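Asker: Got final-v7.pdb for you, PDB, C-alpha atoms:
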ATOM      1  CA  MET A   1     243.335 315.339 126.964  1.00  0.00           C
ATOM      2  CA  ALA A   2     239.583 315.583 126.265  1.00  0.00           C
ATOM      3  CA  ARG A   3     238.073 319.040 126.458  1.00  0.00           C
ATOM      4  CA  THR A   4     236.140 319.667 129.645  1.00  0.00           C
ATOM      5  CA  LYS A   5     233.623 322.180 130.851  1.00  0.00           C
ATOM      6  CA  PRO A   6     235.443 324.937 132.726  1.00  0.00           C
ATOM      7  CA  PHE A   7     235.209 325.587 136.437  1.00  0.00           C
ATOM      8  CA  LEU A   8     233.796 328.992 137.310  1.00  0.00           C
ATOM      9  CA  ILE A   9     236.151 330.671 139.782  1.00  0.00           C
ATOM     10  CA  LEU A  10     234.601 333.609 141.644  1.00  0.00           C
ATOM     11  CA  GLN A  11     236.795 335.968 143.638  1.00  0.00           C
ATOM     12  CA  LEU A  12     236.026 338.567 146.299  1.00  0.00           C
ATOM     13  CA  ARG A  13     239.439 340.135 146.892  1.00  0.00           C
ATOM     14  CA  PRO A  14     239.696 343.778 145.742  1.00  0.00           C
ATOM     15  CA  GLU A  15     243.481 343.687 146.125  1.00  0.00           C
ATOM     16  CA  THR A  16     244.978 342.587 142.801  1.00  0.00           C
ATOM     17  CA  ALA A  17     248.068 340.933 144.280  1.00  0.00           C
ATOM     18  CA  ALA A  18     245.937 338.871 146.680  1.00  0.00           C
ATOM     19  CA  ALA A  19     243.388 337.968 143.988  1.00  0.00           C
ATOM     20  CA  ASP A  20     246.071 336.920 141.502  1.00  0.00           C
ATOM     21  CA  GLU A  21     247.897 334.788 144.066  1.00  0.00           C
ATOM     22  CA  GLU A  22     244.657 333.140 145.177  1.00  0.00           C
ATOM     23  CA  TYR A  23     243.789 332.272 141.572  1.00  0.00           C
ATOM     24  CA  VAL A  24     247.237 330.805 140.875  1.00  0.00           C
ATOM     25  CA  SER A  25     247.021 328.792 144.107  1.00  0.00           C
ATOM     26  CA  MET A  26     243.618 327.419 143.121  1.00  0.00           C
ATOM     27  CA  LEU A  27     245.057 326.279 139.801  1.00  0.00           C
ATOM     28  CA  ARG A  28     248.055 324.649 141.462  1.00  0.00           C
ATOM     29  CA  ARG A  29     246.276 322.992 144.365  1.00  0.00           C
ATOM     30  CA  GLY A  30     243.324 321.958 142.208  1.00  0.00           C
ATOM     31  CA  ASP A  31     245.538 320.569 139.416  1.00  0.00           C
ATOM     32  CA  LEU A  32     243.810 322.899 136.972  1.00  0.00           C
ATOM     33  CA  GLU A  33     244.994 324.649 133.834  1.00  0.00           C
ATOM     34  CA  ALA A  34     243.936 328.260 133.349  1.00  0.00           C
ATOM     35  CA  SER A  35     242.202 327.117 130.150  1.00  0.00           C
ATOM     36  CA  GLU A  36     239.930 324.942 132.304  1.00  0.00           C
ATOM     37  CA  THR A  37     238.580 327.932 134.211  1.00  0.00           C
ATOM     38  CA  VAL A  38     236.475 331.028 133.778  1.00  0.00           C
ATOM     39  CA  ARG A  39     237.688 333.602 136.296  1.00  0.00           C
ATOM     40  CA  ILE A  40     235.490 336.449 137.504  1.00  0.00           C
ATOM     41  CA  ARG A  41     236.714 339.047 139.967  1.00  0.00           C
ATOM     42  CA  LEU A  42     233.437 340.258 141.392  1.00  0.00           C
ATOM     43  CA  ASP A  43     235.016 343.499 142.597  1.00  0.00           C
ATOM     44  CA  ARG A  44     235.526 344.388 138.916  1.00  0.00           C
ATOM     45  CA  GLU A  45     232.650 342.794 137.039  1.00  0.00           C
ATOM     46  CA  ASP A  46     229.154 341.505 137.608  1.00  0.00           C
ATOM     47  CA  LEU A  47     228.039 337.928 137.243  1.00  0.00           C
ATOM     48  CA  PRO A  48     226.624 337.408 133.754  1.00  0.00           C
ATOM     49  CA  GLN A  49     222.844 337.350 133.645  1.00  0.00           C
ATOM     50  CA  PRO A  50     221.465 334.856 133.067  1.00  0.00           C
ATOM     51  CA  LEU A  51     224.253 332.584 134.309  1.00  0.00           C
ATOM     52  CA  GLY A  52     223.875 329.087 132.877  1.00  0.00           C
ATOM     53  CA  LEU A  53     225.407 326.771 135.445  1.00  0.00           C
ATOM     54  CA  ASP A  54     225.213 323.909 132.960  1.00  0.00           C
ATOM     55  CA  MET A  55     228.079 325.603 131.079  1.00  0.00           C
ATOM     56  CA  PHE A  56     230.443 324.738 133.942  1.00  0.00           C
ATOM     57  CA  SER A  57     231.825 321.701 135.731  1.00  0.00           C
ATOM     58  CA  GLY A  58     231.462 323.449 139.077  1.00  0.00           C
ATOM     59  CA  VAL A  59     231.842 326.705 140.982  1.00  0.00           C
ATOM     60  CA  ILE A  60     234.766 327.569 143.271  1.00  0.00           C
ATOM     61  CA  LEU A  61     234.371 330.651 145.456  1.00  0.00           C
ATOM     62  CA  GLY A  62     237.433 332.202 147.053  1.00  0.00           C
ATOM     63  CA  GLY A  63     237.825 334.150 150.264  1.00  0.00           C
ATOM     64  CA  GLY A  64     237.924 337.853 150.967  1.00  0.00           C
ATOM     65  CA  PRO A  65     238.108 340.520 153.654  1.00  0.00           C
ATOM     66  CA  GLY A  66     234.349 341.142 153.863  1.00  0.00           C
ATOM     67  CA  CYS A  67     231.953 339.635 156.426  1.00  0.00           C
ATOM     68  CA  VAL A  68     228.322 338.790 155.706  1.00  0.00           C
ATOM     69  CA  SER A  69     227.539 339.379 159.386  1.00  0.00           C
ATOM     70  CA  ASP A  70     228.579 343.039 159.289  1.00  0.00           C
ATOM     71  CA  PRO A  71     225.709 345.547 159.220  1.00  0.00           C
ATOM     72  CA  PRO A  72     225.084 346.998 155.741  1.00  0.00           C
ATOM     73  CA  GLU A  73     226.113 350.510 156.771  1.00  0.00           C
ATOM     74  CA  LYS A  74     229.612 349.240 157.615  1.00  0.00           C
ATOM     75  CA  LYS A  75     230.129 347.617 154.221  1.00  0.00           C
ATOM     76  CA  ALA A  76     231.676 349.322 151.229  1.00  0.00           C
ATOM     77  CA  PRO A  77     229.370 349.517 148.188  1.00  0.00           C
ATOM     78  CA  VAL A  78     231.490 346.965 146.323  1.00  0.00           C
ATOM     79  CA  GLU A  79     231.117 344.506 149.230  1.00  0.00           C
ATOM     80  CA  VAL A  80     227.354 344.935 149.226  1.00  0.00           C
ATOM     81  CA  ARG A  81     227.188 344.364 145.471  1.00  0.00           C
ATOM     82  CA  MET A  82     229.373 341.232 145.555  1.00  0.00           C
ATOM     83  CA  GLU A  83     227.443 339.760 148.471  1.00  0.00           C
ATOM     84  CA  GLN A  84     224.072 340.425 146.836  1.00  0.00           C
ATOM     85  CA  GLN A  85     225.156 338.768 143.605  1.00  0.00           C
ATOM     86  CA  LEU A  86     226.422 335.668 145.395  1.00  0.00           C
ATOM     87  CA  LEU A  87     223.294 335.357 147.524  1.00  0.00           C
ATOM     88  CA  ALA A  88     221.226 335.696 144.344  1.00  0.00           C
ATOM     89  CA  LEU A  89     223.234 332.822 142.810  1.00  0.00           C
ATOM     90  CA  MET A  90     222.913 330.430 145.747  1.00  0.00           C
ATOM     91  CA  PRO A  91     219.241 329.400 145.216  1.00  0.00           C
ATOM     92  CA  ALA A  92     220.208 328.001 141.813  1.00  0.00           C
ATOM     93  CA  VAL A  93     223.287 326.274 143.261  1.00  0.00           C
ATOM     94  CA  THR A  94     221.419 324.587 146.107  1.00  0.00           C
ATOM     95  CA  GLY A  95     218.226 324.060 144.092  1.00  0.00           C
ATOM     96  CA  LEU A  96     220.124 322.170 141.406  1.00  0.00           C
ATOM     97  CA  ASP A  97     222.537 320.638 143.923  1.00  0.00           C
ATOM     98  CA  PHE A  98     225.225 321.985 141.613  1.00  0.00           C
ATOM     99  CA  PRO A  99     228.902 321.314 142.430  1.00  0.00           C
ATOM    100  CA  PHE A 100     230.089 324.230 144.565  1.00  0.00           C
ATOM    101  CA  LEU A 101     233.075 324.728 146.857  1.00  0.00           C
ATOM    102  CA  GLY A 102     233.141 327.899 148.948  1.00  0.00           C
ATOM    103  CA  CYS A 103     236.468 328.579 150.664  1.00  0.00           C
ATOM    104  CA  CYS A 104     236.344 330.590 153.921  1.00  0.00           C
ATOM    105  CA  ALA A 105     234.025 333.441 152.871  1.00  0.00           C
ATOM    106  CA  GLY A 106     232.015 330.813 151.030  1.00  0.00           C
ATOM    107  CA  ILE A 107     230.876 329.147 154.246  1.00  0.00           C
ATOM    108  CA  GLY A 108     229.419 332.472 155.382  1.00  0.00           C
ATOM    109  CA  ILE A 109     227.600 332.925 152.073  1.00  0.00           C
ATOM    110  CA  LEU A 110     226.224 329.369 152.152  1.00  0.00           C
ATOM    111  CA  GLY A 111     225.276 329.685 155.810  1.00  0.00           C
ATOM    112  CA  ARG A 112     223.475 332.984 155.263  1.00  0.00           C
ATOM    113  CA  HIS A 113     221.593 331.500 152.277  1.00  0.00           C
ATOM    114  CA  LEU A 114     220.536 328.530 154.416  1.00  0.00           C
ATOM    115  CA  ASP A 115     219.382 330.806 157.271  1.00  0.00           C
ATOM    116  CA  ALA A 116     222.084 329.601 159.659  1.00  0.00           C
ATOM    117  CA  PRO A 117     223.552 332.089 162.166  1.00  0.00           C
ATOM    118  CA  VAL A 118     226.831 333.634 160.990  1.00  0.00           C
ATOM    119  CA  THR A 119     228.410 335.962 163.575  1.00  0.00           C
ATOM    120  CA  ARG A 120     231.687 337.258 164.967  1.00  0.00           C
ATOM    121  CA  ALA A 121     230.683 336.269 168.467  1.00  0.00           C
ATOM    122  CA  ARG A 122     231.793 332.673 168.997  1.00  0.00           C
ATOM    123  CA  TYR A 123     234.087 330.915 166.571  1.00  0.00           C
ATOM    124  CA  ALA A 124     236.410 333.411 164.888  1.00  0.00           C
ATOM    125  CA  GLU A 125     239.993 332.134 164.572  1.00  0.00           C
ATOM    126  CA  PRO A 126     243.281 334.026 164.500  1.00  0.00           C
ATOM    127  CA  VAL A 127     245.517 333.879 161.445  1.00  0.00           C
ATOM    128  CA  GLY A 128     247.588 330.698 161.455  1.00  0.00           C
ATOM    129  CA  GLY A 129     247.258 326.948 161.637  1.00  0.00           C
ATOM    130  CA  THR A 130     244.622 324.818 163.272  1.00  0.00           C
ATOM    131  CA  GLU A 131     244.223 321.066 163.720  1.00  0.00           C
ATOM    132  CA  CYS A 132     241.173 319.810 161.867  1.00  0.00           C
ATOM    133  CA  SER A 133     239.448 316.467 162.394  1.00  0.00           C
ATOM    134  CA  ARG A 134     237.153 314.545 160.087  1.00  0.00           C
ATOM    135  CA  THR A 135     233.805 313.697 161.629  1.00  0.00           C
ATOM    136  CA  ASP A 136     232.252 310.252 161.196  1.00  0.00           C
ATOM    137  CA  GLU A 137     230.357 311.550 158.185  1.00  0.00           C
ATOM    138  CA  GLY A 138     233.476 313.263 156.883  1.00  0.00           C
ATOM    139  CA  ARG A 139     235.360 309.973 156.822  1.00  0.00           C
ATOM    140  CA  HIS A 140     232.957 308.753 154.136  1.00  0.00           C
ATOM    141  CA  ASP A 141     232.802 311.916 152.045  1.00  0.00           C
ATOM    142  CA  PRO A 142     234.554 311.766 148.645  1.00  0.00           C
ATOM    143  CA  LEU A 143     236.076 315.244 148.998  1.00  0.00           C
ATOM    144  CA  LEU A 144     237.966 314.026 152.066  1.00  0.00           C
ATOM    145  CA  ALA A 145     239.309 310.873 150.413  1.00  0.00           C
ATOM    146  CA  GLY A 146     243.009 310.542 151.156  1.00  0.00           C
ATOM    147  CA  VAL A 147     242.833 313.140 153.935  1.00  0.00           C
ATOM    148  CA  PRO A 148     243.926 311.879 157.385  1.00  0.00           C
ATOM    149  CA  ASP A 149     241.471 311.842 160.268  1.00  0.00           C
ATOM    150  CA  ARG A 150     243.492 314.733 161.738  1.00  0.00           C
ATOM    151  CA  PHE A 151     245.219 317.273 159.547  1.00  0.00           C
ATOM    152  CA  PRO A 152     246.572 320.827 159.841  1.00  0.00           C
ATOM    153  CA  ALA A 153     245.048 323.669 157.834  1.00  0.00           C
ATOM    154  CA  LEU A 154     245.444 327.415 157.514  1.00  0.00           C
ATOM    155  CA  VAL A 155     242.715 329.708 158.833  1.00  0.00           C
ATOM    156  CA  GLY A 156     242.026 333.326 159.656  1.00  0.00           C
ATOM    157  CA  HIS A 157     238.490 334.656 159.881  1.00  0.00           C
ATOM    158  CA  LYS A 158     236.530 337.241 161.849  1.00  0.00           C
ATOM    159  CA  GLU A 159     233.164 335.468 161.565  1.00  0.00           C
ATOM    160  CA  ALA A 160     231.942 331.883 161.435  1.00  0.00           C
ATOM    161  CA  LEU A 161     228.875 329.680 161.549  1.00  0.00           C
ATOM    162  CA  ASP A 162     227.405 329.527 165.033  1.00  0.00           C
ATOM    163  CA  ALA A 163     225.358 326.431 164.181  1.00  0.00           C
ATOM    164  CA  LEU A 164     225.099 323.811 161.471  1.00  0.00           C
ATOM    165  CA  PRO A 165     222.559 324.778 158.792  1.00  0.00           C
ATOM    166  CA  CYS A 166     219.403 322.690 158.903  1.00  0.00           C
ATOM    167  CA  GLY A 167     219.864 319.522 156.873  1.00  0.00           C
ATOM    168  CA  ALA A 168     223.585 320.057 156.245  1.00  0.00           C
ATOM    169  CA  ALA A 169     226.233 317.402 156.854  1.00  0.00           C
ATOM    170  CA  HIS A 170     229.049 318.214 159.288  1.00  0.00           C
ATOM    171  CA  LEU A 171     232.315 316.948 157.775  1.00  0.00           C
ATOM    172  CA  VAL A 172     235.257 318.588 159.572  1.00  0.00           C
ATOM    173  CA  THR A 173     235.691 320.201 162.981  1.00  0.00           C
ATOM    174  CA  SER A 174     238.478 321.833 165.006  1.00  0.00           C
ATOM    175  CA  PRO A 175     238.933 322.742 168.681  1.00  0.00           C
ATOM    176  CA  ARG A 176     238.282 326.459 168.276  1.00  0.00           C
ATOM    177  CA  CYS A 177     235.827 326.451 165.361  1.00  0.00           C
ATOM    178  CA  PRO A 178     233.506 323.438 165.122  1.00  0.00           C
ATOM    179  CA  PHE A 179     232.235 323.971 161.582  1.00  0.00           C
ATOM    180  CA  GLN A 180     235.333 323.755 159.432  1.00  0.00           C
ATOM    181  CA  MET A 181     233.648 321.958 156.520  1.00  0.00           C
ATOM    182  CA  ILE A 182     230.026 321.245 155.681  1.00  0.00           C
ATOM    183  CA  ARG A 183     228.008 319.821 152.802  1.00  0.00           C
ATOM    184  CA  HIS A 184     224.490 320.659 151.655  1.00  0.00           C
ATOM    185  CA  GLY A 185     222.777 318.065 149.511  1.00  0.00           C
ATOM    186  CA  ARG A 186     225.331 315.868 147.792  1.00  0.00           C
ATOM    187  CA  ASN A 187     227.423 318.412 145.907  1.00  0.00           C
ATOM    188  CA  VAL A 188     227.422 321.808 147.652  1.00  0.00           C
ATOM    189  CA  TYR A 189     230.435 322.235 149.953  1.00  0.00           C
ATOM    190  CA  ALA A 190     232.021 324.974 152.017  1.00  0.00           C
ATOM    191  CA  THR A 191     235.130 325.134 154.177  1.00  0.00           C
ATOM    192  CA  GLN A 192     236.153 327.584 156.877  1.00  0.00           C
ATOM    193  CA  PHE A 193     239.819 326.700 156.354  1.00  0.00           C
ATOM    194  CA  HIS A 194     241.657 327.593 153.149  1.00  0.00           C
ATOM    195  CA  PRO A 195     242.203 324.484 150.968  1.00  0.00           C
ATOM    196  CA  GLU A 196     243.875 326.624 148.303  1.00  0.00           C
ATOM    197  CA  SER A 197     246.534 328.052 150.623  1.00  0.00           C
ATOM    198  CA  ASP A 198     250.019 327.283 151.862  1.00  0.00           C
ATOM    199  CA  GLY A 199     252.606 329.274 153.782  1.00  0.00           C
ATOM    200  CA  ASP A 200     253.519 331.414 150.787  1.00  0.00           C
ATOM    201  CA  SER A 201     249.857 332.322 150.237  1.00  0.00           C
ATOM    202  CA  PHE A 202     249.435 333.335 153.830  1.00  0.00           C
ATOM    203  CA  GLU A 203     252.654 335.347 153.895  1.00  0.00           C
ATOM    204  CA  LEU A 204     251.336 337.528 151.076  1.00  0.00           C
ATOM    205  CA  ARG A 205     247.881 337.852 152.655  1.00  0.00           C
ATOM    206  CA  ILE A 206     249.320 338.707 156.057  1.00  0.00           C
ATOM    207  CA  ARG A 207     251.278 341.537 154.477  1.00  0.00           C
ATOM    208  CA  ILE A 208     248.298 342.786 152.434  1.00  0.00           C
ATOM    209  CA  TYR A 209     245.701 342.513 155.210  1.00  0.00           C
ATOM    210  CA  ALA A 210     247.885 343.702 158.099  1.00  0.00           C
ATOM    211  CA  HIS A 211     245.522 346.629 158.759  1.00  0.00           C
ATOM    212  CA  HIS A 212     242.183 344.871 158.168  1.00  0.00           C
ATOM    213  CA  GLY A 213     241.504 343.891 161.770  1.00  0.00           C
ATOM    214  CA  TYR A 214     242.640 340.267 161.694  1.00  0.00           C
ATOM    215  CA  PHE A 215     245.623 340.842 163.992  1.00  0.00           C
ATOM    216  CA  ASP A 216     247.886 343.477 165.503  1.00  0.00           C
ATOM    217  CA  PRO A 217     250.175 344.620 162.651  1.00  0.00           C
ATOM    218  CA  SER A 218     253.187 344.276 164.954  1.00  0.00           C
ATOM    219  CA  GLU A 219     252.567 340.506 164.967  1.00  0.00           C
ATOM    220  CA  ALA A 220     252.877 340.109 161.182  1.00  0.00           C
ATOM    221  CA  ASN A 221     256.380 338.630 161.068  1.00  0.00           C
ATOM    222  CA  GLU A 222     255.617 336.084 163.780  1.00  0.00           C
ATOM    223  CA  LEU A 223     252.370 335.093 162.020  1.00  0.00           C
ATOM    224  CA  ILE A 224     254.281 334.618 158.763  1.00  0.00           C
ATOM    225  CA  ARG A 225     256.752 332.354 160.549  1.00  0.00           C
ATOM    226  CA  ARG A 226     253.928 330.278 162.019  1.00  0.00           C
ATOM    227  CA  ALA A 227     252.115 330.034 158.685  1.00  0.00           C
ATOM    228  CA  HIS A 228     255.201 328.631 156.987  1.00  0.00           C
ATOM    229  CA  ALA A 229     255.456 326.019 159.760  1.00  0.00           C
ATOM    230  CA  VAL A 230     252.018 324.580 158.859  1.00  0.00           C
ATOM    231  CA  ASP A 231     252.061 321.596 156.517  1.00  0.00           C
ATOM    232  CA  ALA A 232     248.924 322.384 154.529  1.00  0.00           C
ATOM    233  CA  GLU A 233     249.357 319.577 152.002  1.00  0.00           C
ATOM    234  CA  ALA A 234     246.488 317.419 153.290  1.00  0.00           C
ATOM    235  CA  SER A 235     244.000 320.295 153.373  1.00  0.00           C
ATOM    236  CA  GLY A 236     244.712 320.933 149.694  1.00  0.00           C
ATOM    237  CA  ARG A 237     243.367 317.481 148.859  1.00  0.00           C
ATOM    238  CA  VAL A 238     239.865 318.873 149.373  1.00  0.00           C
ATOM    239  CA  LEU A 239     240.277 321.224 146.410  1.00  0.00           C
ATOM    240  CA  ALA A 240     242.004 318.585 144.282  1.00  0.00           C
ATOM    241  CA  ASN A 241     239.278 316.050 145.068  1.00  0.00           C
ATOM    242  CA  PHE A 242     236.566 318.570 144.178  1.00  0.00           C
ATOM    243  CA  VAL A 243     238.109 319.198 140.765  1.00  0.00           C
ATOM    244  CA  GLU A 244     238.746 315.522 140.105  1.00  0.00           C
ATOM    245  CA  ARG A 245     235.225 314.507 141.122  1.00  0.00           C
ATOM    246  CA  TYR A 246     233.336 317.131 139.142  1.00  0.00           C
ATOM    247  CA  ARG A 247     235.456 317.727 136.044  1.00  0.00           C
ATOM    248  CA  LYS A 248     233.034 317.072 133.183  1.00  0.00           C
ATOM    249  CA  ALA A 249     233.777 316.427 129.516  1.00  0.00           C
ATOM    250  CA  LEU A 250     232.162 318.665 126.908  1.00  0.00           C
TER     251      LEU A 250
END
Give the structure from the file, written as structure tokens.
Answerer:
Amino acid sequence: MARTKPFLILQLRPETAAADEEYVSMLRRGDLEASETVRIRLDREDLPQPLGLDMFSGVILGGGPGCVSDPPEKKAPVEVRMEQQLLALMPAVTGLDFPFLGCCAGIGILGRHLDAPVTRARYAEPVGGTECSRTDEGRHDPLLAGVPDRFPALVGHKEALDALPCGAAHLVTSPRCPFQMIRHGRNVYATQFHPESDGDSFELRIRIYAHHGYFDPSEANELIRRAHAVDAEASGRVLANFVERYRKAL
């Protein structure tokens, strides 16, 4: 196998068990070897400065418990630092139209960078499955190749885009949250659903985040049961397609 430029995987989860599981899931669902990635847990280390994006095939940003819409005084210092570093990176990503896939928290970061409203007010979704649908534009997008027009995915978020960012393409919608996947330019993507996750992922996260305001802790076992009932195979194609499309030889 020819050597390739690594994918830069950025993580926002301060909980080691959740961060490790998310990373392993990204490798599995993206058909990646660990040797094909550079992993940075932003809760533990800063982004290198300067960061040469041309060293990488693409950037994959994971989810996390923080919300960009929360007022600064309600954010822990580590959340503020991680958010600032990501927002400082986004002008280079969008300016270069560099391959980027933001998963869940990533759609908030991209939306905030593009001056779109991101709030808790309208389109938050409870932890569990949702039925996503490709839009007309989504049916022609390469990251949704092989994905059915309707497919289940796993979600759980306290904030969401209230409106499509100016100039962005709307690729996937759902009944409760209209902006499930968007694209800026040709190569900058973000999803509200979790393309890296399956029932096992969500079982661990439900247990770890039981007291983070996503749900009543007494509901945890029922939410785990529902998460395992979701066939998230099709949603994982988004991550696999991203890796396949942008993997670049050295």
Asker: Please identify all polymer residues lying at most 8 Å from the point (235.6, 327.2, 136.8) (file coordinates), using all atoms listed in the file, and present the result as a list of chain:residue names.
Answerer: A:Pro6, A:Phe7, A:Leu8, A:Ile9, A:Glu36, A:Thr37, A:Val38, A:Arg39, A:Phe56, A:Ser57, A:Gly58, A:Val59, A:Ile60
Asker: What residues come out when you apply the PyMOL selection byres ((chain A and resi 91-96) around 9) to this file, written as a PDB file with C-alpha atoms, in the coordinates of the input?
Answerer:
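Output saved as part_37.pdb:
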ATOM      1  CA  LEU A  53     225.407 326.771 135.445  1.00  0.00           C
ATOM      2  CA  VAL A  59     231.842 326.705 140.982  1.00  0.00           C
ATOM      3  CA  LEU A  87     223.294 335.357 147.524  1.00  0.00           C
ATOM      4  CA  ALA A  88     221.226 335.696 144.344  1.00  0.00           C
ATOM      5  CA  LEU A  89     223.234 332.822 142.810  1.00  0.00           C
ATOM      6  CA  MET A  90     222.913 330.430 145.747  1.00  0.00           C
ATOM      7  CA  ASP A  97     222.537 320.638 143.923  1.00  0.00           C
ATOM      8  CA  PHE A  98     225.225 321.985 141.613  1.00  0.00           C
ATOM      9  CA  PRO A  99     228.902 321.314 142.430  1.00  0.00           C
ATOM     10  CA  PHE A 100     230.089 324.230 144.565  1.00  0.00           C
ATOM     11  CA  HIS A 113     221.593 331.500 152.277  1.00  0.00           C
ATOM     12  CA  HIS A 184     224.490 320.659 151.655  1.00  0.00           C
ATOM     13  CA  GLY A 185     222.777 318.065 149.511  1.00  0.00           C
ATOM     14  CA  ASN A 187     227.423 318.412 145.907  1.00  0.00           C
ATOM     15  CA  VAL A 188     227.422 321.808 147.652  1.00  0.00           C
TER      16      VAL A 188
END
Asker: Apply the PyMOL selection byres ((chain A and resi 176) around 8) to the displayed file and report the matching residues as a tab-separated table (two decimals) with C-alpha atoms, keeping the file's coordinate frame.
Answerer:
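Saved file expr.tsv follows:
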chain	number	residue	atom	x	y	z
A	123	TYR	CA	234.09	330.92	166.57
A	124	ALA	CA	236.41	333.41	164.89
A	125	GLU	CA	239.99	332.13	164.57
A	174	SER	CA	238.48	321.83	165.01
A	175	PRO	CA	238.93	322.74	168.68
A	177	CYS	CA	235.83	326.45	165.36
A	178	PRO	CA	233.51	323.44	165.12
Asker: Which is closest to Thr191 (chain A) among A:Ala163, A:Leu110, A:Ala17, A:Val243, if we use only C-alpha atoms?
Answerer: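 Comparing A:Ala163, A:Leu110, A:Ala17, A:Val243 against Thr191 (chain A), the winner is A:Leu110.
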Asker: So which residues get picked by the PyMOL selection byres ((chain A and resi 179) around 12) here, written as a PDB file with C-alpha atoms, in the frame of the given file?
Answerer:
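Okay, part_11.pdb is ready:
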ATOM      1  CA  CYS A 104     236.344 330.590 153.921  1.00  0.00           C
ATOM      2  CA  ILE A 107     230.876 329.147 154.246  1.00  0.00           C
ATOM      3  CA  GLY A 108     229.419 332.472 155.382  1.00  0.00           C
ATOM      4  CA  GLY A 111     225.276 329.685 155.810  1.00  0.00           C
ATOM      5  CA  ALA A 116     222.084 329.601 159.659  1.00  0.00           C
ATOM      6  CA  PRO A 117     223.552 332.089 162.166  1.00  0.00           C
ATOM      7  CA  VAL A 118     226.831 333.634 160.990  1.00  0.00           C
ATOM      8  CA  ARG A 122     231.793 332.673 168.997  1.00  0.00           C
ATOM      9  CA  TYR A 123     234.087 330.915 166.571  1.00  0.00           C
ATOM     10  CA  ALA A 124     236.410 333.411 164.888  1.00  0.00           C
ATOM     11  CA  GLU A 125     239.993 332.134 164.572  1.00  0.00           C
ATOM     12  CA  CYS A 132     241.173 319.810 161.867  1.00  0.00           C
ATOM     13  CA  SER A 133     239.448 316.467 162.394  1.00  0.00           C
ATOM     14  CA  ARG A 134     237.153 314.545 160.087  1.00  0.00           C
ATOM     15  CA  THR A 135     233.805 313.697 161.629  1.00  0.00           C
ATOM     16  CA  GLY A 138     233.476 313.263 156.883  1.00  0.00           C
ATOM     17  CA  GLU A 159     233.164 335.468 161.565  1.00  0.00           C
ATOM     18  CA  ALA A 160     231.942 331.883 161.435  1.00  0.00           C
ATOM     19  CA  LEU A 161     228.875 329.680 161.549  1.00  0.00           C
ATOM     20  CA  ASP A 162     227.405 329.527 165.033  1.00  0.00           C
ATOM     21  CA  ALA A 163     225.358 326.431 164.181  1.00  0.00           C
ATOM     22  CA  LEU A 164     225.099 323.811 161.471  1.00  0.00           C
ATOM     23  CA  PRO A 165     222.559 324.778 158.792  1.00  0.00           C
ATOM     24  CA  ALA A 168     223.585 320.057 156.245  1.00  0.00           C
ATOM     25  CA  ALA A 169     226.233 317.402 156.854  1.00  0.00           C
ATOM     26  CA  HIS A 170     229.049 318.214 159.288  1.00  0.00           C
ATOM     27  CA  LEU A 171     232.315 316.948 157.775  1.00  0.00           C
ATOM     28  CA  VAL A 172     235.257 318.588 159.572  1.00  0.00           C
ATOM     29  CA  THR A 173     235.691 320.201 162.981  1.00  0.00           C
ATOM     30  CA  SER A 174     238.478 321.833 165.006  1.00  0.00           C
ATOM     31  CA  PRO A 175     238.933 322.742 168.681  1.00  0.00           C
ATOM     32  CA  ARG A 176     238.282 326.459 168.276  1.00  0.00           C
ATOM     33  CA  CYS A 177     235.827 326.451 165.361  1.00  0.00           C
ATOM     34  CA  PRO A 178     233.506 323.438 165.122  1.00  0.00           C
ATOM     35  CA  GLN A 180     235.333 323.755 159.432  1.00  0.00           C
ATOM     36  CA  MET A 181     233.648 321.958 156.520  1.00  0.00           C
ATOM     37  CA  ILE A 182     230.026 321.245 155.681  1.00  0.00           C
ATOM     38  CA  ARG A 183     228.008 319.821 152.802  1.00  0.00           C
ATOM     39  CA  TYR A 189     230.435 322.235 149.953  1.00  0.00           C
ATOM     40  CA  ALA A 190     232.021 324.974 152.017  1.00  0.00           C
ATOM     41  CA  THR A 191     235.130 325.134 154.177  1.00  0.00           C
ATOM     42  CA  GLN A 192     236.153 327.584 156.877  1.00  0.00           C
ATOM     43  CA  PHE A 193     239.819 326.700 156.354  1.00  0.00           C
TER      44      PHE A 193
END
Asker: Which one is closest to Arg186 (chain A): A:Leu101, A:Val127, A:Leu154, A:Val147? Count all atoms listed in the file.
Answerer: A:Leu101
Asker: Just want the 8 Å neighbourhood of region 66-72 of chain A, counted on all atoms listed in the file, with same-chain residues fewer than 5 positions away dropped. Output as a short mmCIF file (atom, residue, chain, number, x, y, z; two decimals) with C-alpha atoms, in the frame of the given file.
Answerer:
data_model
loop_
_atom_site.label_atom_id
_atom_site.label_comp_id
_atom_site.auth_asym_id
_atom_site.auth_seq_id
_atom_site.Cartn_x
_atom_site.Cartn_y
_atom_site.Cartn_z
CA GLU A 79 231.12 344.51 149.23
CA VAL A 80 227.35 344.94 149.23
CA GLU A 83 227.44 339.76 148.47
CA ALA A 105 234.02 333.44 152.87
CA GLY A 108 229.42 332.47 155.38
CA ILE A 109 227.60 332.92 152.07
CA ARG A 112 223.48 332.98 155.26
CA VAL A 118 226.83 333.63 160.99
CA THR A 119 228.41 335.96 163.57
CA ARG A 120 231.69 337.26 164.97
CA LYS A 158 236.53 337.24 161.85
CA GLU A 159 233.16 335.47 161.56
#
Asker: Need to verify the contact set: region 204-219 of chain A, 9 Å, all atoms listed in the file, exclusion of same-chain residues closer than 5 positions in sequence. Can you return it as a ChimeraX atom specification?
Answerer: /A:15,17-18,21,65,126-127,156-158,199,224
Asker: What does the distance between CA of Asp54 (chain A) and CA of Asp141 (chain A) come to in Å, to one decimal place?
Answerer: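 Computing the Euclidean distance for CA of Asp54 (chain A) and CA of Asp141 (chain A) yields 23.8 Å.
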Asker: If I take CA of Arg225 (chain A) and CA of Phe242 (chain A), how far is one from the other in Å, to one decimal?
Answerer: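 It comes out at 29.4 Å.
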